[in-house]
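Just final.tsv here, TSV, C-alpha atoms:
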```
chain	number	residue	atom	x	y	z
A	1	MET	CA	125.28	78.26	82.96
A	2	HIS	CA	123.28	81.15	84.35
A	3	GLU	CA	124.95	83.07	87.21
A	4	ASP	CA	122.13	82.27	89.69
A	5	GLU	CA	122.70	78.53	89.13
A	6	ARG	CA	126.25	78.83	90.52
A	7	ARG	CA	125.26	81.06	93.41
A	8	PRO	CA	124.55	79.15	96.65
A	9	GLY	CA	121.15	79.36	98.27
A	10	TRP	CA	120.89	80.87	101.74
A	11	ASP	CA	120.96	77.52	103.54
A	12	ALA	CA	124.15	76.50	101.72
A	13	TYR	CA	125.72	79.91	102.34
A	14	PHE	CA	125.06	79.90	106.09
A	15	MET	CA	125.98	76.22	106.48
A	16	GLU	CA	129.35	76.88	104.85
A	17	ILE	CA	129.90	79.74	107.31
A	18	ALA	CA	128.97	77.39	110.20
A	19	ARG	CA	131.58	74.92	108.95
A	20	THR	CA	134.18	77.70	108.86
A	21	VAL	CA	133.21	78.83	112.37
A	22	GLY	CA	133.70	75.22	113.52
A	23	THR	CA	137.36	75.38	112.47
A	24	ARG	CA	137.91	77.61	115.54
A	25	ALA	CA	136.84	74.77	117.89
A	26	THR	CA	139.31	74.01	120.66
A	27	CYS	CA	138.03	70.57	121.69
A	28	PRO	CA	139.69	67.93	119.49
A	29	ARG	CA	136.72	65.56	119.89
A	30	ALA	CA	134.67	67.50	117.30
A	31	SER	CA	134.83	70.74	115.32
A	32	VAL	CA	131.32	72.09	115.71
A	33	GLY	CA	130.10	75.45	114.47
A	34	ALA	CA	126.80	77.33	114.77
A	35	VAL	CA	125.50	80.44	113.03
A	36	LEU	CA	122.29	82.13	114.17
A	37	THR	CA	120.54	84.24	111.55
A	38	ARG	CA	117.37	86.24	111.01
A	39	ASP	CA	116.15	87.86	107.81
A	40	LYS	CA	119.20	86.55	105.91
A	41	ARG	CA	121.59	88.32	108.30
A	42	ILE	CA	124.07	86.79	110.75
A	43	LEU	CA	123.24	87.55	114.37
A	44	THR	CA	125.83	85.46	116.23
A	45	THR	CA	128.26	82.58	115.80
A	46	GLY	CA	129.68	79.98	118.15
A	47	TYR	CA	132.05	77.03	118.23
A	48	ASN	CA	132.79	74.38	120.83
A	49	GLY	CA	135.48	75.35	123.30
A	50	ALA	CA	136.27	76.13	126.91
A	51	PRO	CA	134.55	79.02	128.71
A	52	ARG	CA	136.30	82.37	128.79
A	53	GLY	CA	139.40	82.27	131.01
A	54	VAL	CA	139.48	78.45	131.21
A	55	PRO	CA	142.30	76.53	129.46
A	56	HIS	CA	141.21	74.96	126.19
A	57	CYS	CA	141.14	71.19	125.64
A	58	THR	CA	143.96	71.66	123.15
A	59	GLU	CA	146.06	73.12	126.01
A	60	ALA	CA	144.98	71.13	129.06
A	61	GLY	CA	143.24	68.06	127.65
A	62	CYS	CA	139.60	67.11	127.65
A	63	MET	CA	137.70	66.60	130.94
A	64	MET	CA	135.88	63.38	130.14
A	65	VAL	CA	132.81	62.22	132.09
A	66	ASP	CA	130.63	59.43	130.71
A	67	GLY	CA	132.09	59.87	127.22
A	68	HIS	CA	131.49	63.63	127.05
A	69	CYS	CA	133.97	66.47	127.42
A	70	GLN	CA	132.95	68.70	130.32
A	71	ARG	CA	135.54	71.39	129.58
A	72	ALA	CA	134.00	72.46	126.25
A	73	THR	CA	130.87	74.55	125.91
A	74	HIS	CA	128.83	73.54	122.86
A	75	ALA	CA	128.78	75.73	119.75
A	76	GLU	CA	125.06	76.48	120.01
A	77	ALA	CA	125.39	77.57	123.64
A	78	ASN	CA	128.33	79.82	122.76
A	79	ALA	CA	126.29	81.43	119.96
A	80	ILE	CA	123.47	82.13	122.43
A	81	VAL	CA	125.92	83.53	125.00
A	82	GLN	CA	127.37	85.83	122.34
A	83	GLY	CA	123.89	87.23	121.77
A	84	ALA	CA	123.42	87.76	125.51
A	85	LEU	CA	126.81	89.46	125.90
A	86	HIS	CA	126.13	91.89	123.06
A	87	GLY	CA	122.40	92.49	123.56
A	88	VAL	CA	121.32	90.70	120.38
A	89	SER	CA	117.82	89.22	120.44
A	90	LEU	CA	117.61	85.75	118.90
A	91	ALA	CA	113.79	85.69	118.72
A	92	GLY	CA	112.66	84.31	115.38
A	93	ALA	CA	116.16	83.17	114.40
A	94	THR	CA	117.30	80.21	112.33
A	95	ALA	CA	120.26	78.20	113.64
A	96	TYR	CA	122.68	76.61	111.17
A	97	CYS	CA	124.62	73.90	113.00
A	98	THR	CA	127.30	71.57	111.71
A	99	HIS	CA	125.90	68.89	114.03
A	100	GLN	CA	122.33	68.19	115.17
A	101	PRO	CA	121.92	69.88	118.58
A	102	CYS	CA	121.89	67.77	121.75
A	103	ALA	CA	118.98	67.99	124.22
A	104	GLY	CA	120.72	70.63	126.35
A	105	CYS	CA	121.45	72.91	123.40
A	106	SER	CA	117.96	72.30	121.99
A	107	LYS	CA	116.46	73.59	125.25
A	108	LEU	CA	118.65	76.69	125.08
A	109	LEU	CA	117.75	77.32	121.42
A	110	ILE	CA	114.03	76.95	122.23
A	111	SER	CA	114.28	79.36	125.16
A	112	ALA	CA	116.26	81.87	123.08
A	113	GLY	CA	113.40	82.00	120.55
A	114	VAL	CA	114.99	80.10	117.66
A	115	VAL	CA	112.25	78.88	115.29
A	116	ARG	CA	114.22	76.77	112.80
A	117	ILE	CA	117.33	74.59	113.04
A	118	VAL	CA	119.22	73.33	110.00
A	119	TYR	CA	121.96	70.77	110.74
A	120	ALA	CA	124.54	68.98	108.59
A	121	ASP	CA	125.64	65.94	110.62
A	122	PRO	CA	123.03	63.87	112.46
A	123	TYR	CA	123.31	63.34	116.21
A	124	PRO	CA	120.09	61.43	116.86
A	125	ASP	CA	118.63	62.37	120.21
A	126	ALA	CA	115.01	61.38	120.88
A	127	VAL	CA	114.69	63.85	123.78
A	128	SER	CA	115.98	66.73	121.65
A	129	SER	CA	113.61	65.88	118.79
A	130	GLU	CA	110.65	65.61	121.17
A	131	LEU	CA	111.40	68.96	122.85
A	132	LEU	CA	111.86	70.76	119.54
A	133	ALA	CA	108.63	69.31	118.15
A	134	ALA	CA	106.69	70.26	121.29
A	135	ALA	CA	108.01	73.83	121.01
A	136	GLY	CA	107.16	74.04	117.31
A	137	VAL	CA	110.79	74.49	116.24
A	138	GLU	CA	111.52	73.18	112.74
A	139	LEU	CA	114.40	70.67	112.71
A	140	GLU	CA	115.73	70.09	109.20
A	141	PRO	CA	118.70	68.14	107.87
A	142	PHE	CA	120.80	70.21	105.48
A	143	LEU	CA	120.12	68.97	101.97
A	144	PRO	CA	122.48	70.61	99.46
A	145	ASP	CA	120.24	69.65	96.52
A	146	GLN	CA	117.32	71.53	98.06
A	147	VAL	CA	119.09	74.67	99.25
A	148	ARG	CA	116.82	76.97	97.27
A	149	ALA	CA	113.71	76.05	99.27
A	150	HIS	CA	114.37	78.99	101.63
A	151	THR	CA	115.85	81.54	99.19
```
Before anything else, please render the file you have as structure tokens.
Amino acid sequence: MHEDERRPGWDAYFMEIARTVGTRATCPRASVGAVLTRDKRILTTGYNGAPRGVPHCTEAGCMMVDGHCQRATHAEANAIVQGALHGVSLAGATAYCTHQPCAGCSKLLISAGVVRIVYADPYPDAVSSELLAAAGVELEPFLPDQVRAHT
């Protein structure tokens, strides 16, 4: 086997990092990770958890409203906040997300200038899909067999 055949493509590489980032999640409802990249370089990462200074779900329990935890900030939002805190522009970035972004996170990713989203686990949301399409943001399921399409 040739060495390049064992080497992961960029999508597989960044998705594996997103999965690892998700292991830091502090909401037991889901371990979600996000990695924002540009030009094959990591810009920011984020995982779902409580805002800075607020007790984590693992410490204080989830704050459930209509089936959603209100204590945890979503991984994608945390990745965007990390860029804002450190002065990192996300214009033209690709987001690698362990889960398909919800409508709220999709709006944030659009406004931050993300142009492509690759996700592993589907979270069908018609509003999210419509907003992303209207903004011209590519939304792609992660397909391990086709990881070399964006090498």
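Interatomic distance, atom CA of Glu138 of chain A to atom CA of Ala95 of chain A: 10.1 Å.
You can rank A:Met64, A:Ala12, A:Leu43, A:Cys97 by their closest distance to Ser31 of chain A using all atoms listed in the file, and at the top of that list sits A:Cys97.
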Problem set entry | Selection: 8 Å around Leu131 of chain A, all atoms listed in the file, excl. self and same-chain fewer than 4 positions, as a VMD selection string | chain A and resid 103 106 to 107 127 135
Exercise. What is the atom CA of Cys69 of chain A-atom CA of Leu143 of chain A distance in Å, reported with one decimal?
Worked result: 29.1 Å
At most 12 Å is the cut-off: for each residue in segment 57-144 of chain A with any atom that close to an atom of segment 46-52 of chain A, write down the nearest atom pair and the distance in Å rounded to one decimal, counting all atoms listed in the file, chain first then increasing number, as JSON lines.
```
{"residue": "A:Cys57", "atom": "CA", "partner": "A:Ala50", "partner_atom": "CA", "distance": 7.1}
{"residue": "A:Thr58", "atom": "CA", "partner": "A:Gly49", "partner_atom": "CA", "distance": 9.2}
{"residue": "A:Glu59", "atom": "CA", "partner": "A:Ala50", "partner_atom": "CA", "distance": 10.3}
{"residue": "A:Ala60", "atom": "CA", "partner": "A:Ala50", "partner_atom": "CA", "distance": 10.3}
{"residue": "A:Gly61", "atom": "CA", "partner": "A:Ala50", "partner_atom": "CA", "distance": 10.7}
{"residue": "A:Cys62", "atom": "CA", "partner": "A:Ala50", "partner_atom": "CA", "distance": 9.6}
{"residue": "A:Met63", "atom": "CA", "partner": "A:Ala50", "partner_atom": "CA", "distance": 10.4}
{"residue": "A:Cys69", "atom": "CA", "partner": "A:Gly49", "partner_atom": "CA", "distance": 9.9}
{"residue": "A:Gln70", "atom": "CA", "partner": "A:Ala50", "partner_atom": "CA", "distance": 8.8}
{"residue": "A:Arg71", "atom": "CA", "partner": "A:Ala50", "partner_atom": "CA", "distance": 5.5}
{"residue": "A:Ala72", "atom": "CA", "partner": "A:Ala50", "partner_atom": "CA", "distance": 4.4}
{"residue": "A:Thr73", "atom": "CA", "partner": "A:Gly49", "partner_atom": "CA", "distance": 5.4}
{"residue": "A:His74", "atom": "CA", "partner": "A:Asn48", "partner_atom": "CA", "distance": 4.5}
{"residue": "A:Ala75", "atom": "CA", "partner": "A:Tyr47", "partner_atom": "CA", "distance": 3.8}
{"residue": "A:Glu76", "atom": "CA", "partner": "A:Gly46", "partner_atom": "CA", "distance": 6.1}
{"residue": "A:Ala77", "atom": "CA", "partner": "A:Gly46", "partner_atom": "CA", "distance": 7.4}
{"residue": "A:Asn78", "atom": "CA", "partner": "A:Gly46", "partner_atom": "CA", "distance": 4.8}
{"residue": "A:Ala79", "atom": "CA", "partner": "A:Gly46", "partner_atom": "CA", "distance": 4.1}
{"residue": "A:Ile80", "atom": "CA", "partner": "A:Gly46", "partner_atom": "CA", "distance": 7.8}
{"residue": "A:Val81", "atom": "CA", "partner": "A:Gly46", "partner_atom": "CA", "distance": 8.6}
{"residue": "A:Gln82", "atom": "CA", "partner": "A:Gly46", "partner_atom": "CA", "distance": 7.6}
{"residue": "A:Gly83", "atom": "CA", "partner": "A:Gly46", "partner_atom": "CA", "distance": 10.0}
{"residue": "A:Ala95", "atom": "CA", "partner": "A:Gly46", "partner_atom": "CA", "distance": 10.6}
{"residue": "A:Tyr96", "atom": "CA", "partner": "A:Gly46", "partner_atom": "CA", "distance": 10.4}
{"residue": "A:Cys97", "atom": "CA", "partner": "A:Gly46", "partner_atom": "CA", "distance": 9.4}
{"residue": "A:Thr98", "atom": "CA", "partner": "A:Tyr47", "partner_atom": "CA", "distance": 9.7}
{"residue": "A:His99", "atom": "CA", "partner": "A:Tyr47", "partner_atom": "CA", "distance": 11.0}
{"residue": "A:Pro101", "atom": "CA", "partner": "A:Asn48", "partner_atom": "CA", "distance": 12.0}
{"residue": "A:Cys105", "atom": "CA", "partner": "A:Asn48", "partner_atom": "CA", "distance": 11.7}
```
Seminar exercise, completed: re atom CA of Thr37 of chain A and atom CA of Pro141 of chain A: distance 16.6 Å
Exercise. Which residues come within 10 Å of Ser89 of chain A, counting all atoms listed in the file, excluding same-chain residues fewer than 3 positions away, as a PyMOL selection string?
Worked result: chain A and resi 38+43-44+80+83-84+86+92-93+112-114
Problem set entry | Selected residue, from A:Val54, A:Ser111, A:Thr45, A:Ala126, that lies nearest to Ala18 of chain A when counting only C-alpha atoms |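 The closest residue to Ala18 of chain A is A:Thr45.
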Exercise. Which residue out of A:Leu90, A:Pro144, A:Pro124, A:His68 has the minimum interatomic distance to Cys27 of chain A when only C-alpha atoms are used?
Worked result: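 The closest residue to Cys27 of chain A is A:His68.
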Problem set entry | Option closest in space to Thr26 of chain A, from A:Ile42, A:His56, A:Asp11, A:Val65 [counting only C-alpha atoms] | A:His56
Exercise. If we count only C-alpha atoms, what is near Gly22 of chain A at a cut-off of 6 Å, once residues fewer than 2 positions away on the same chain are taken out, given as an NGL selection string?
Worked result: :A and (19-20 or 24-25 or 31-33 or 47)
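Residue nearest Cys102 of chain A within the list A:Val88, A:Met15, A:Val35, A:Leu132: A:Leu132 [criterion: smallest interatomic distance, only C-alpha atoms].
Of the listed residues (A:Arg29, A:Lys40, A:Leu108, A:Arg116), A:Lys40 comes nearest to Tyr13 of chain A; the distances count only C-alpha atoms.
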